[in-house]
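S.K.: So I've got this file, upload-v7.cif, and it contains mmCIF, C-alpha atoms; chains and numbers go by the auth columns:
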```
data_start
loop_
_atom_site.group_PDB
_atom_site.id
_atom_site.type_symbol
_atom_site.label_atom_id
_atom_site.label_comp_id
_atom_site.label_asym_id
_atom_site.label_seq_id
_atom_site.Cartn_x
_atom_site.Cartn_y
_atom_site.Cartn_z
_atom_site.B_iso_or_equiv
_atom_site.auth_seq_id
_atom_site.auth_asym_id
ATOM 1 C CA MET A 1 114.105 103.334 95.150 0.00 1 A
ATOM 2 C CA ALA A 2 116.896 105.762 96.034 0.00 2 A
ATOM 3 C CA ASP A 3 116.688 104.593 99.675 0.00 3 A
ATOM 4 C CA LEU A 4 117.471 101.074 98.470 0.00 4 A
ATOM 5 C CA GLU A 5 120.230 102.203 96.109 0.00 5 A
ATOM 6 C CA LEU A 6 118.161 101.104 93.123 0.00 6 A
ATOM 7 C CA SER A 7 117.210 102.870 89.913 0.00 7 A
ATOM 8 C CA ILE A 8 113.566 102.931 88.851 0.00 8 A
ATOM 9 C CA PRO A 9 112.994 100.278 86.157 0.00 9 A
ATOM 10 C CA PRO A 10 111.540 101.534 82.857 0.00 10 A
ATOM 11 C CA PHE A 11 107.812 101.133 82.338 0.00 11 A
ATOM 12 C CA ASP A 12 108.305 98.164 80.009 0.00 12 A
ATOM 13 C CA GLU A 13 110.053 96.186 82.759 0.00 13 A
ATOM 14 C CA SER A 14 108.127 94.603 85.618 0.00 14 A
ATOM 15 C CA LEU A 15 109.070 95.437 89.197 0.00 15 A
ATOM 16 C CA CYS A 16 108.879 91.710 89.928 0.00 16 A
ATOM 17 C CA ARG A 17 112.390 91.406 88.507 0.00 17 A
ATOM 18 C CA ILE A 18 113.857 93.539 91.279 0.00 18 A
ATOM 19 C CA ASP A 19 115.984 91.480 93.646 0.00 19 A
ATOM 20 C CA HIS A 20 116.684 93.281 96.920 0.00 20 A
ATOM 21 C CA PRO A 21 117.002 91.729 100.395 0.00 21 A
ATOM 22 C CA LEU A 22 114.883 94.379 102.127 0.00 22 A
ATOM 23 C CA ILE A 23 112.037 93.991 99.624 0.00 23 A
ATOM 24 C CA GLY A 24 112.141 90.234 100.061 0.00 24 A
ATOM 25 C CA GLU A 25 112.010 90.589 103.832 0.00 25 A
ATOM 26 C CA ALA A 26 109.155 93.105 103.629 0.00 26 A
ATOM 27 C CA GLN A 27 107.126 90.605 101.624 0.00 27 A
ATOM 28 C CA ARG A 28 107.198 88.307 104.661 0.00 28 A
ATOM 29 C CA LEU A 29 105.848 91.004 106.967 0.00 29 A
ATOM 30 C CA PRO A 30 102.107 90.284 106.428 0.00 30 A
ATOM 31 C CA GLU A 31 102.639 86.703 107.589 0.00 31 A
ATOM 32 C CA ALA A 32 104.593 87.877 110.637 0.00 32 A
ATOM 33 C CA TYR A 33 101.878 90.434 111.374 0.00 33 A
ATOM 34 C CA ALA A 34 99.159 87.783 111.220 0.00 34 A
ATOM 35 C CA ALA A 35 101.150 85.636 113.636 0.00 35 A
ATOM 36 C CA GLY A 36 101.660 88.540 116.027 0.00 36 A
ATOM 37 C CA GLY A 37 105.382 88.763 115.311 0.00 37 A
ATOM 38 C CA ALA A 38 105.639 92.205 113.668 0.00 38 A
ATOM 39 C CA GLU A 39 107.719 94.749 115.602 0.00 39 A
ATOM 40 C CA ARG A 40 106.296 98.252 115.680 0.00 40 A
ATOM 41 C CA ILE A 41 108.383 101.429 115.300 0.00 41 A
ATOM 42 C CA LEU A 42 107.282 103.125 118.507 0.00 42 A
ATOM 43 C CA SER A 43 108.904 106.479 117.723 0.00 43 A
ATOM 44 C CA LEU A 44 106.435 107.102 114.863 0.00 44 A
ATOM 45 C CA LYS A 45 103.052 107.833 116.380 0.00 45 A
ATOM 46 C CA ASP A 46 100.753 109.200 113.658 0.00 46 A
ATOM 47 C CA ARG A 47 100.489 105.849 111.865 0.00 47 A
ATOM 48 C CA VAL A 48 101.415 102.276 112.747 0.00 48 A
ATOM 49 C CA TRP A 49 104.762 101.458 111.139 0.00 49 A
ATOM 50 C CA PHE A 50 106.639 98.185 111.470 0.00 50 A
ATOM 51 C CA LYS A 51 110.330 97.366 111.395 0.00 51 A
ATOM 52 C CA VAL A 52 111.794 95.378 108.522 0.00 52 A
ATOM 53 C CA LYS A 53 115.276 94.067 109.232 0.00 53 A
ATOM 54 C CA THR A 54 117.668 91.880 107.276 0.00 54 A
ATOM 55 C CA GLY A 55 121.464 91.991 107.321 0.00 55 A
ATOM 56 C CA ARG A 56 122.563 95.635 107.381 0.00 56 A
ATOM 57 C CA TRP A 57 119.303 96.790 105.838 0.00 57 A
ATOM 58 C CA ARG A 58 116.504 98.363 107.847 0.00 58 A
ATOM 59 C CA GLY A 59 113.081 99.477 106.650 0.00 59 A
ATOM 60 C CA ALA A 60 109.721 100.890 107.673 0.00 60 A
ATOM 61 C CA ALA A 61 106.520 99.302 106.388 0.00 61 A
ATOM 62 C CA THR A 62 102.859 99.860 107.153 0.00 62 A
ATOM 63 C CA ARG A 63 99.514 98.275 106.500 0.00 63 A
ATOM 64 C CA LEU A 64 97.168 100.693 104.779 0.00 64 A
ATOM 65 C CA PRO A 65 93.904 100.814 106.776 0.00 65 A
ATOM 66 C CA GLU A 66 92.324 102.385 103.704 0.00 66 A
ATOM 67 C CA ALA A 67 92.276 98.875 102.230 0.00 67 A
ATOM 68 C CA ASP A 68 89.547 97.898 104.715 0.00 68 A
ATOM 69 C CA ARG A 69 87.154 100.661 103.669 0.00 69 A
ATOM 70 C CA ALA A 70 84.131 99.785 101.571 0.00 70 A
ATOM 71 C CA ASP A 71 85.020 102.472 99.022 0.00 71 A
ATOM 72 C CA ALA A 72 88.662 101.384 98.678 0.00 72 A
ATOM 73 C CA GLY A 73 89.894 101.101 95.120 0.00 73 A
ATOM 74 C CA PRO A 74 90.981 97.726 93.731 0.00 74 A
ATOM 75 C CA GLU A 75 94.660 98.690 93.841 0.00 75 A
ATOM 76 C CA VAL A 76 94.558 99.426 97.572 0.00 76 A
ATOM 77 C CA ARG A 77 92.606 96.244 98.346 0.00 77 A
ATOM 78 C CA GLN A 78 95.089 94.133 96.391 0.00 78 A
ATOM 79 C CA ALA A 79 98.183 95.815 97.861 0.00 79 A
ATOM 80 C CA PRO A 80 97.397 96.815 101.459 0.00 80 A
ATOM 81 C CA TRP A 81 101.054 96.765 102.581 0.00 81 A
ATOM 82 C CA TRP A 82 103.630 99.417 101.783 0.00 82 A
ATOM 83 C CA LEU A 83 107.398 99.626 102.316 0.00 83 A
ATOM 84 C CA GLY A 84 107.813 103.357 102.804 0.00 84 A
ATOM 85 C CA ALA A 85 111.506 103.835 103.522 0.00 85 A
ATOM 86 C CA GLY A 86 114.751 101.952 103.840 0.00 86 A
ATOM 87 C CA GLY A 87 118.378 102.440 104.787 0.00 87 A
ATOM 88 C CA TYR A 88 121.344 101.032 106.688 0.00 88 A
ATOM 89 C CA ARG A 89 121.746 100.046 110.312 0.00 89 A
ATOM 90 C CA ARG A 90 124.459 102.190 111.916 0.00 90 A
ATOM 91 C CA GLU A 91 124.177 101.484 115.641 0.00 91 A
ATOM 92 C CA GLY A 92 125.051 104.483 117.811 0.00 92 A
ATOM 93 C CA ASP A 93 125.326 106.793 114.796 0.00 93 A
ATOM 94 C CA PRO A 94 122.872 109.634 114.011 0.00 94 A
ATOM 95 C CA GLY A 95 122.829 108.238 110.485 0.00 95 A
ATOM 96 C CA ASP A 96 121.335 104.955 111.705 0.00 96 A
ATOM 97 C CA PHE A 97 118.153 104.335 109.728 0.00 97 A
ATOM 98 C CA TYR A 98 115.676 104.358 112.602 0.00 98 A
ATOM 99 C CA ALA A 99 117.361 107.336 114.297 0.00 99 A
ATOM 100 C CA ALA A 100 117.300 109.296 111.051 0.00 100 A
ATOM 101 C CA LEU A 101 113.687 108.243 110.457 0.00 101 A
ATOM 102 C CA LYS A 102 112.635 109.625 113.844 0.00 102 A
ATOM 103 C CA ALA A 103 114.558 112.884 113.246 0.00 103 A
ATOM 104 C CA SER A 104 112.870 113.308 109.862 0.00 104 A
ATOM 105 C CA TRP A 105 109.459 112.590 111.389 0.00 105 A
ATOM 106 C CA ASP A 106 110.087 115.265 114.037 0.00 106 A
ATOM 107 C CA ARG A 107 111.080 117.807 111.386 0.00 107 A
ATOM 108 C CA GLU A 108 107.830 117.112 109.556 0.00 108 A
ATOM 109 C CA GLY A 109 105.858 117.905 112.704 0.00 109 A
ATOM 110 C CA GLY A 110 105.027 114.290 113.502 0.00 110 A
ATOM 111 C CA ASP A 111 103.704 113.500 110.009 0.00 111 A
ATOM 112 C CA SER A 112 104.741 110.370 108.102 0.00 112 A
ATOM 113 C CA ASP A 113 102.766 111.126 104.934 0.00 113 A
ATOM 114 C CA ARG A 114 106.011 111.711 103.036 0.00 114 A
ATOM 115 C CA TRP A 115 106.626 107.946 103.142 0.00 115 A
ATOM 116 C CA MET A 116 103.180 106.977 101.858 0.00 116 A
ATOM 117 C CA PRO A 117 102.447 105.956 98.254 0.00 117 A
ATOM 118 C CA THR A 118 101.893 108.729 95.732 0.00 118 A
ATOM 119 C CA ASP A 119 99.706 108.866 92.634 0.00 119 A
ATOM 120 C CA TRP A 120 102.743 107.733 90.638 0.00 120 A
ATOM 121 C CA ASP A 121 103.030 104.621 92.805 0.00 121 A
ATOM 122 C CA TRP A 122 99.379 103.702 92.273 0.00 122 A
ATOM 123 C CA ARG A 123 99.721 104.176 88.512 0.00 123 A
ATOM 124 C CA ARG A 124 102.789 101.968 88.517 0.00 124 A
ATOM 125 C CA LEU A 125 100.866 99.330 90.481 0.00 125 A
ATOM 126 C CA GLN A 126 98.144 99.333 87.823 0.00 126 A
ATOM 127 C CA LEU A 127 100.845 98.688 85.247 0.00 127 A
ATOM 128 C CA GLU A 128 102.216 95.826 87.341 0.00 128 A
ATOM 129 C CA HIS A 129 98.747 94.259 87.456 0.00 129 A
ATOM 130 C CA ALA A 130 98.638 94.481 83.663 0.00 130 A
ATOM 131 C CA TYR A 131 102.022 92.747 83.445 0.00 131 A
ATOM 132 C CA ALA A 132 100.794 89.994 85.764 0.00 132 A
ATOM 133 C CA TRP A 133 97.602 89.556 83.729 0.00 133 A
ATOM 134 C CA GLU A 134 99.575 89.217 80.499 0.00 134 A
ATOM 135 C CA ALA A 135 102.006 86.763 82.103 0.00 135 A
ATOM 136 C CA ASN A 136 99.088 84.634 83.297 0.00 136 A
ATOM 137 C CA ILE A 137 97.590 84.493 79.793 0.00 137 A
ATOM 138 C CA ARG A 138 100.927 83.433 78.322 0.00 138 A
ATOM 139 C CA ARG A 139 101.313 80.778 81.020 0.00 139 A
ATOM 140 C CA ILE A 140 97.835 79.390 80.289 0.00 140 A
ATOM 141 C CA VAL A 141 98.413 79.253 76.525 0.00 141 A
ATOM 142 C CA ARG A 142 101.809 77.582 76.902 0.00 142 A
ATOM 143 C CA GLY A 143 100.284 75.051 79.270 0.00 143 A
ATOM 144 C CA LEU A 144 97.529 74.138 76.783 0.00 144 A
ATOM 145 C CA ILE A 145 100.031 73.683 73.969 0.00 145 A
ATOM 146 C CA THR A 146 102.358 71.588 76.130 0.00 146 A
ATOM 147 C CA ARG A 147 99.547 69.247 77.146 0.00 147 A
ATOM 148 C CA SER A 148 98.533 68.810 73.509 0.00 148 A
ATOM 149 C CA LEU A 149 102.125 68.106 72.499 0.00 149 A
ATOM 150 C CA ARG A 150 102.154 65.206 74.947 0.00 150 A
ATOM 151 C CA ASP A 151 99.029 63.401 73.735 0.00 151 A
ATOM 152 C CA GLY A 152 97.734 65.124 70.592 0.00 152 A
ATOM 153 C CA TYR A 153 94.383 66.098 72.097 0.00 153 A
ATOM 154 C CA PRO A 154 92.931 69.627 72.083 0.00 154 A
ATOM 155 C CA TYR A 155 92.847 71.543 75.366 0.00 155 A
ATOM 156 C CA GLN A 156 90.794 74.569 76.275 0.00 156 A
ATOM 157 C CA ALA A 157 90.874 77.266 78.934 0.00 157 A
ATOM 158 C CA GLU A 158 88.733 80.255 79.847 0.00 158 A
ATOM 159 C CA PHE A 159 89.839 83.506 81.448 0.00 159 A
ATOM 160 C CA GLU A 160 87.416 86.349 82.049 0.00 160 A
ATOM 161 C CA HIS A 161 85.053 86.067 79.057 0.00 161 A
ATOM 162 C CA TYR A 162 87.708 84.757 76.649 0.00 162 A
ATOM 163 C CA ARG A 163 88.197 81.157 75.541 0.00 163 A
ATOM 164 C CA VAL A 164 91.313 79.641 73.980 0.00 164 A
ATOM 165 C CA THR A 165 91.758 76.172 72.482 0.00 165 A
ATOM 166 C CA ALA A 166 95.128 74.687 71.503 0.00 166 A
ATOM 167 C CA LEU A 167 95.876 71.592 69.444 0.00 167 A
ATOM 168 C CA THR A 168 99.099 70.205 67.987 0.00 168 A
ATOM 169 C CA ARG A 169 99.328 67.727 65.112 0.00 169 A
ATOM 170 C CA ALA A 170 102.575 66.023 64.100 0.00 170 A
ATOM 171 C CA ARG A 171 102.978 65.400 60.372 0.00 171 A
ATOM 172 C CA GLU A 172 106.223 63.883 59.100 0.00 172 A
ATOM 173 C CA GLN A 173 108.960 66.249 60.303 0.00 173 A
ATOM 174 C CA GLU A 174 106.620 69.119 61.166 0.00 174 A
ATOM 175 C CA THR A 175 104.295 69.958 64.013 0.00 175 A
ATOM 176 C CA TYR A 176 101.205 72.001 63.281 0.00 176 A
ATOM 177 C CA LEU A 177 100.036 74.290 66.033 0.00 177 A
ATOM 178 C CA ILE A 178 96.380 75.271 65.917 0.00 178 A
ATOM 179 C CA VAL A 179 94.892 77.874 68.235 0.00 179 A
ATOM 180 C CA GLY A 180 91.244 78.815 68.406 0.00 180 A
ATOM 181 C CA THR A 181 90.159 82.061 70.055 0.00 181 A
ATOM 182 C CA GLU A 182 86.603 82.923 71.048 0.00 182 A
ATOM 183 C CA ASN A 183 85.092 86.261 72.080 0.00 183 A
ATOM 184 C CA ILE A 184 88.376 88.089 71.567 0.00 184 A
ATOM 185 C CA ALA A 185 87.798 91.412 69.864 0.00 185 A
ATOM 186 C CA ASP A 186 90.644 93.277 71.538 0.00 186 A
ATOM 187 C CA PRO A 187 93.733 93.049 69.293 0.00 187 A
ATOM 188 C CA LYS A 188 95.991 93.483 72.333 0.00 188 A
ATOM 189 C CA VAL A 189 94.650 90.299 73.926 0.00 189 A
ATOM 190 C CA PHE A 190 95.039 88.436 70.655 0.00 190 A
ATOM 191 C CA ALA A 191 98.615 89.692 70.331 0.00 191 A
ATOM 192 C CA ILE A 192 99.432 88.368 73.820 0.00 192 A
ATOM 193 C CA ILE A 193 98.145 84.926 72.863 0.00 193 A
ATOM 194 C CA ILE A 194 99.968 84.811 69.521 0.00 194 A
ATOM 195 C CA ASN A 195 103.210 85.943 71.134 0.00 195 A
ATOM 196 C CA ALA A 196 102.910 83.541 74.080 0.00 196 A
ATOM 197 C CA ILE A 197 105.398 81.074 72.570 0.00 197 A
ATOM 198 C CA PRO A 198 108.944 82.415 72.141 0.00 198 A
ATOM 199 C CA GLY A 199 110.534 81.145 68.959 0.00 199 A
ATOM 200 C CA ILE A 200 107.425 81.346 66.776 0.00 200 A
ATOM 201 C CA ASP A 201 107.370 84.230 64.328 0.00 201 A
ATOM 202 C CA PRO A 202 104.079 86.133 64.861 0.00 202 A
ATOM 203 C CA SER A 203 103.854 86.729 61.103 0.00 203 A
ATOM 204 C CA SER A 204 103.789 82.953 60.473 0.00 204 A
ATOM 205 C CA TRP A 205 100.257 82.564 61.861 0.00 205 A
ATOM 206 C CA LEU A 206 97.564 82.039 59.213 0.00 206 A
ATOM 207 C CA PRO A 207 93.797 82.399 59.697 0.00 207 A
ATOM 208 C CA GLU A 208 91.777 79.255 58.947 0.00 208 A
ATOM 209 C CA PRO A 209 88.206 80.456 58.305 0.00 209 A
ATOM 210 C CA ASP A 210 87.209 77.068 56.850 0.00 210 A
ATOM 211 C CA GLY A 211 88.808 75.076 59.633 0.00 211 A
ATOM 212 C CA VAL A 212 91.946 72.968 59.697 0.00 212 A
ATOM 213 C CA ALA A 213 92.978 69.462 60.764 0.00 213 A
ATOM 214 C CA GLY A 214 89.337 68.448 61.064 0.00 214 A
ATOM 215 C CA ILE A 215 88.486 71.353 63.380 0.00 215 A
ATOM 216 C CA GLN A 216 85.698 73.678 62.314 0.00 216 A
ATOM 217 C CA PRO A 217 85.368 77.134 63.879 0.00 217 A
ATOM 218 C CA LYS A 218 82.430 77.614 66.206 0.00 218 A
ATOM 219 C CA PRO A 219 80.284 80.758 66.127 0.00 219 A
ATOM 220 C CA GLY A 220 82.465 83.618 67.343 0.00 220 A
ATOM 221 C CA GLU A 221 85.646 81.547 67.080 0.00 221 A
ATOM 222 C CA VAL A 222 88.675 82.331 64.922 0.00 222 A
ATOM 223 C CA ILE A 223 91.154 79.548 64.193 0.00 223 A
ATOM 224 C CA TRP A 224 94.809 80.195 63.468 0.00 224 A
ATOM 225 C CA SER A 225 97.610 77.818 62.528 0.00 225 A
ATOM 226 C CA THR A 226 101.375 77.841 62.201 0.00 226 A
ATOM 227 C CA ILE A 227 104.323 75.483 62.057 0.00 227 A
ATOM 228 C CA MET A 228 106.037 74.905 65.389 0.00 228 A
ATOM 229 C CA PRO A 229 109.819 74.496 65.118 0.00 229 A
ATOM 230 C CA PRO A 230 111.073 71.278 66.756 0.00 230 A
ATOM 231 C CA SER A 231 113.317 73.282 69.087 0.00 231 A
ATOM 232 C CA VAL A 232 110.295 75.208 70.400 0.00 232 A
ATOM 233 C CA ALA A 233 108.308 72.017 70.994 0.00 233 A
ATOM 234 C CA ALA A 234 111.269 70.451 72.803 0.00 234 A
ATOM 235 C CA GLN A 235 111.680 73.517 74.994 0.00 235 A
ATOM 236 C CA LEU A 236 108.027 73.438 76.041 0.00 236 A
ATOM 237 C CA LEU A 237 108.176 69.728 76.834 0.00 237 A
ATOM 238 C CA ASP A 238 111.366 70.182 78.871 0.00 238 A
ATOM 239 C CA ASP A 239 110.033 73.136 80.852 0.00 239 A
ATOM 240 C CA GLN A 240 108.796 71.693 84.148 0.00 240 A
ATOM 241 C CA SER A 241 106.806 74.866 84.912 0.00 241 A
ATOM 242 C CA GLU A 242 104.513 74.040 81.999 0.00 242 A
ATOM 243 C CA SER A 243 103.705 70.553 83.337 0.00 243 A
#
```
Please rewrite the model in this file as structure tokens.

M.R.:
Amino acid sequence: MADLELSIPPFDESLCRIDHPLIGEAQRLPEAYAAGGAERILSLKDRVWFKVKTGRWRGAATRLPEADRADAGPEVRQAPWWLGAGGYRREGDPGDFYAALKASWDREGGDSDRWMPTDWDWRRLQLEHAYAWEANIRRIVRGLITRSLRDGYPYQAEFEHYRVTALTRAREQETYLIVGTENIADPKVFAIIINAIPGIDPSSWLPEPDGVAGIQPKPGEVIWSTIMPPSVAAQLLDDQSES
């Protein structure tokens, strides 16, 4: 991060929010590599590194061959590319990124391990996967509720071994939101679902063990209900990403 003049985001903030031109360009490298358009850094010889260039920024990225091994962990298989270093282009200056990279590689005895991911990086990647998983659950739940707002029918989705059903019912000036959850014993997963809709107080949800709005809980299902503020319903209906 220091190479890119960035501070490390706290653990409760996803790295996906980082906006940096070199990172964006590096994310296009796998496609360029597949098309035969990746430019190798020939001065580094212990591992295949590729150039990443955009504006004044220069970087060094590599594809981790460990990702192709049968015993590779899930993190490596899911993230086989790594941006190891970055800096500025200063043509003709010893401080030019690629010149400085070569000098550093020479000082290390021809070893580029210093630019490879560390245990901290892999732990942070696991956290990023958790963020992505939570975001996907919230997206699914919001999508179910939005569809029900449009036509009043219940909608259901499954992810892993969980099942969620959403139904909205308009009554006078209020809209009831009913959510059924099946096979969810982990309170963290339930909390993600309940908090999927910004603007709804989590404490407003009520369990409905005897059913509600003509819906009876199935074996293993827990039904919850709350009142959806009109502003929240309007926001969901206006959000094109939930269509």

S.K.: Could you tell me which residues the PyMOL selection byres ((chain A and resi 174-180) around 6) grabs in this file, written as a short mmCIF file (atom, residue, chain, number, x, y, z; two decimals) with C-alpha atoms, in the frame of the given file?

M.R.:
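Saved as out04.cif:
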```cif
data_model
loop_
_atom_site.label_atom_id
_atom_site.label_comp_id
_atom_site.auth_asym_id
_atom_site.auth_seq_id
_atom_site.Cartn_x
_atom_site.Cartn_y
_atom_site.Cartn_z
CA VAL A 164 91.31 79.64 73.98
CA THR A 165 91.76 76.17 72.48
CA ALA A 166 95.13 74.69 71.50
CA LEU A 167 95.88 71.59 69.44
CA THR A 168 99.10 70.20 67.99
CA ARG A 169 99.33 67.73 65.11
CA ALA A 170 102.58 66.02 64.10
CA ARG A 171 102.98 65.40 60.37
CA GLU A 172 106.22 63.88 59.10
CA GLN A 173 108.96 66.25 60.30
CA THR A 181 90.16 82.06 70.06
CA VAL A 222 88.68 82.33 64.92
CA ILE A 223 91.15 79.55 64.19
CA TRP A 224 94.81 80.19 63.47
CA SER A 225 97.61 77.82 62.53
CA THR A 226 101.38 77.84 62.20
CA ILE A 227 104.32 75.48 62.06
CA MET A 228 106.04 74.90 65.39
#
```

S.K.: Please report the interatomic distance between CA of Arg89 (chain A) and CA of Pro21 (chain A) in Å with one decimal.

M.R.: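 Atom-to-atom, CA of Arg89 (chain A) and CA of Pro21 (chain A) are spaced 13.8 Å apart.
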
S.K.: Can you spell out as JSON, numbers by chain the set of residues that the PyMOL selection byres ((chain A and resi 57) around 8) selects in the structure I just provided?

M.R.: {"A": [21, 22, 53, 54, 55, 56, 58, 59, 86, 87, 88, 89]}

S.K.: Measuring atom to atom with all atoms listed in the file, identify which of A:Asp111, A:Pro230, A:Leu125, A:Asn183 is nearest to Lys218 (chain A).

M.R.: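 So, comparing all the options, the nearest one is A:Asn183.
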
S.K.: In Å to one decimal, how far is CA of Val52 (chain A) from CA of Gly37 (chain A)?

M.R.: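 Here the two named atoms are 11.4 Å from each other.
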
S.K.: Give as a PDB file with C-alpha atoms, in the coordinates of the input the residues that the PyMOL selection byres ((chain A and resi 184-191) around 12) matches when applied to the coordinates above.

M.R.:
```
ATOM      1  CA  ALA A 130      98.638  94.481  83.663  1.00  0.00           C
ATOM      2  CA  TRP A 133      97.602  89.556  83.729  1.00  0.00           C
ATOM      3  CA  GLU A 134      99.575  89.217  80.499  1.00  0.00           C
ATOM      4  CA  ALA A 135     102.006  86.763  82.103  1.00  0.00           C
ATOM      5  CA  ASN A 136      99.088  84.634  83.297  1.00  0.00           C
ATOM      6  CA  ILE A 137      97.590  84.493  79.793  1.00  0.00           C
ATOM      7  CA  ARG A 138     100.927  83.433  78.322  1.00  0.00           C
ATOM      8  CA  VAL A 141      98.413  79.253  76.525  1.00  0.00           C
ATOM      9  CA  GLU A 158      88.733  80.255  79.847  1.00  0.00           C
ATOM     10  CA  PHE A 159      89.839  83.506  81.448  1.00  0.00           C
ATOM     11  CA  GLU A 160      87.416  86.349  82.049  1.00  0.00           C
ATOM     12  CA  HIS A 161      85.053  86.067  79.057  1.00  0.00           C
ATOM     13  CA  TYR A 162      87.708  84.757  76.649  1.00  0.00           C
ATOM     14  CA  ARG A 163      88.197  81.157  75.541  1.00  0.00           C
ATOM     15  CA  VAL A 164      91.313  79.641  73.980  1.00  0.00           C
ATOM     16  CA  VAL A 179      94.892  77.874  68.235  1.00  0.00           C
ATOM     17  CA  GLY A 180      91.244  78.815  68.406  1.00  0.00           C
ATOM     18  CA  THR A 181      90.159  82.061  70.055  1.00  0.00           C
ATOM     19  CA  GLU A 182      86.603  82.923  71.048  1.00  0.00           C
ATOM     20  CA  ASN A 183      85.092  86.261  72.080  1.00  0.00           C
ATOM     21  CA  ILE A 192      99.432  88.368  73.820  1.00  0.00           C
ATOM     22  CA  ILE A 193      98.145  84.926  72.863  1.00  0.00           C
ATOM     23  CA  ILE A 194      99.968  84.811  69.521  1.00  0.00           C
ATOM     24  CA  ASN A 195     103.210  85.943  71.134  1.00  0.00           C
ATOM     25  CA  ALA A 196     102.910  83.541  74.080  1.00  0.00           C
ATOM     26  CA  ILE A 197     105.398  81.074  72.570  1.00  0.00           C
ATOM     27  CA  ASP A 201     107.370  84.230  64.328  1.00  0.00           C
ATOM     28  CA  PRO A 202     104.079  86.133  64.861  1.00  0.00           C
ATOM     29  CA  SER A 203     103.854  86.729  61.103  1.00  0.00           C
ATOM     30  CA  TRP A 205     100.257  82.564  61.861  1.00  0.00           C
ATOM     31  CA  GLY A 220      82.465  83.618  67.343  1.00  0.00           C
ATOM     32  CA  GLU A 221      85.646  81.547  67.080  1.00  0.00           C
ATOM     33  CA  VAL A 222      88.675  82.331  64.922  1.00  0.00           C
ATOM     34  CA  ILE A 223      91.154  79.548  64.193  1.00  0.00           C
ATOM     35  CA  TRP A 224      94.809  80.195  63.468  1.00  0.00           C
TER      36      TRP A 224
END
```

S.K.: Build an axis-aligned box that encloses every atom of region 41-46 of chain A listed in the file, pad it by 5 Å on each side, and report its centre and edge lengths in Å to one decimal, as AutoDock Vina command-line options.

M.R.:
```
--center_x 104.8 --center_y 105.3 --center_z 116.1 --size_x 18.2 --size_y 17.8 --size_z 14.8
```

S.K.: Just to confirm, what's the straight-line distance from CA of Asp46 (chain A) to CA of Ala70 (chain A) in Å (one decimal)?

M.R.: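 Interatomic distance here is 22.6 Å.
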
S.K.: Nearest residue to Ile8 (chain A) out of A:Asp121, A:Asp238, A:Asp106, A:Asp151, using only C-alpha atoms?

M.R.: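 Using only C-alpha atoms, the shortest distance to Ile8 (chain A) belongs to A:Asp121.
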
S.K.: With distances taken over only C-alpha atoms, which of A:Ala26, A:Ala35, A:Leu15, A:Leu236 is nearest to Thr146 (chain A)?

M.R.: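 Smallest separation from Thr146 (chain A) among the options: A:Leu236.
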
S.K.: For a cut-off of 6 Å around (90.5, 77.8, 61.6), file coordinates, pick out all residues using all atoms listed in the file and list them as a VMD selection string.

M.R.: chain A and resid 207 to 212 217 222 to 224

S.K.: Save out the residues we just selected, C-alpha atoms, as a PDB file, in the frame of the given file.

M.R.:
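So out_36.pdb came out as:
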```
ATOM      1  CA  PRO A 207      93.797  82.399  59.697  1.00  0.00           C
ATOM      2  CA  GLU A 208      91.777  79.255  58.947  1.00  0.00           C
ATOM      3  CA  PRO A 209      88.206  80.456  58.305  1.00  0.00           C
ATOM      4  CA  ASP A 210      87.209  77.068  56.850  1.00  0.00           C
ATOM      5  CA  GLY A 211      88.808  75.076  59.633  1.00  0.00           C
ATOM      6  CA  VAL A 212      91.946  72.968  59.697  1.00  0.00           C
ATOM      7  CA  PRO A 217      85.368  77.134  63.879  1.00  0.00           C
ATOM      8  CA  VAL A 222      88.675  82.331  64.922  1.00  0.00           C
ATOM      9  CA  ILE A 223      91.154  79.548  64.193  1.00  0.00           C
ATOM     10  CA  TRP A 224      94.809  80.195  63.468  1.00  0.00           C
TER      11      TRP A 224
END
```

S.K.: Compare A:Ile18, A:Ile140, A:Ala103, A:Ala132 by their minimum atom-to-atom distance to Tyr155 (chain A), counting all atoms listed in the file, and give me the closest one.

M.R.: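 Checking each candidate against Tyr155 (chain A), we get A:Ile140 as the closest.
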
S.K.: Write a file for region 84-90 of chain A, containing N, CA and C atoms (output as a PDB file, in the first residue's frame).

M.R.:
```
ATOM      1  N   GLY A  84       2.682  -6.999  -6.994  1.00  0.00           N
ATOM      2  CA  GLY A  84       3.674  -7.042  -5.923  1.00  0.00           C
ATOM      3  C   GLY A  84       4.308  -5.719  -5.566  1.00  0.00           C
ATOM      4  N   ALA A  85       4.400  -4.798  -6.502  1.00  0.00           N
ATOM      5  CA  ALA A  85       5.071  -3.532  -6.238  1.00  0.00           C
ATOM      6  C   ALA A  85       4.584  -2.485  -7.220  1.00  0.00           C
ATOM      7  N   GLY A  86       4.733  -1.232  -6.821  1.00  0.00           N
ATOM      8  CA  GLY A  86       4.319  -0.140  -7.692  1.00  0.00           C
ATOM      9  C   GLY A  86       5.130   1.105  -7.416  1.00  0.00           C
ATOM     10  N   GLY A  87       5.127   2.032  -8.349  1.00  0.00           N
ATOM     11  CA  GLY A  87       5.854   3.280  -8.180  1.00  0.00           C
ATOM     12  C   GLY A  87       5.677   4.154  -9.401  1.00  0.00           C
ATOM     13  N   TYR A  88       6.513   5.192  -9.500  1.00  0.00           N
ATOM     14  CA  TYR A  88       6.390   6.168 -10.580  1.00  0.00           C
ATOM     15  C   TYR A  88       7.396   5.924 -11.703  1.00  0.00           C
ATOM     16  N   ARG A  89       6.991   6.267 -12.887  1.00  0.00           N
ATOM     17  CA  ARG A  89       7.894   6.288 -14.043  1.00  0.00           C
ATOM     18  C   ARG A  89       8.735   7.561 -13.971  1.00  0.00           C
ATOM     19  N   ARG A  90      10.040   7.403 -13.984  1.00  0.00           N
ATOM     20  CA  ARG A  90      10.970   8.540 -14.012  1.00  0.00           C
ATOM     21  C   ARG A  90      12.058   8.201 -15.030  1.00  0.00           C
TER      22      ARG A  90
END
```
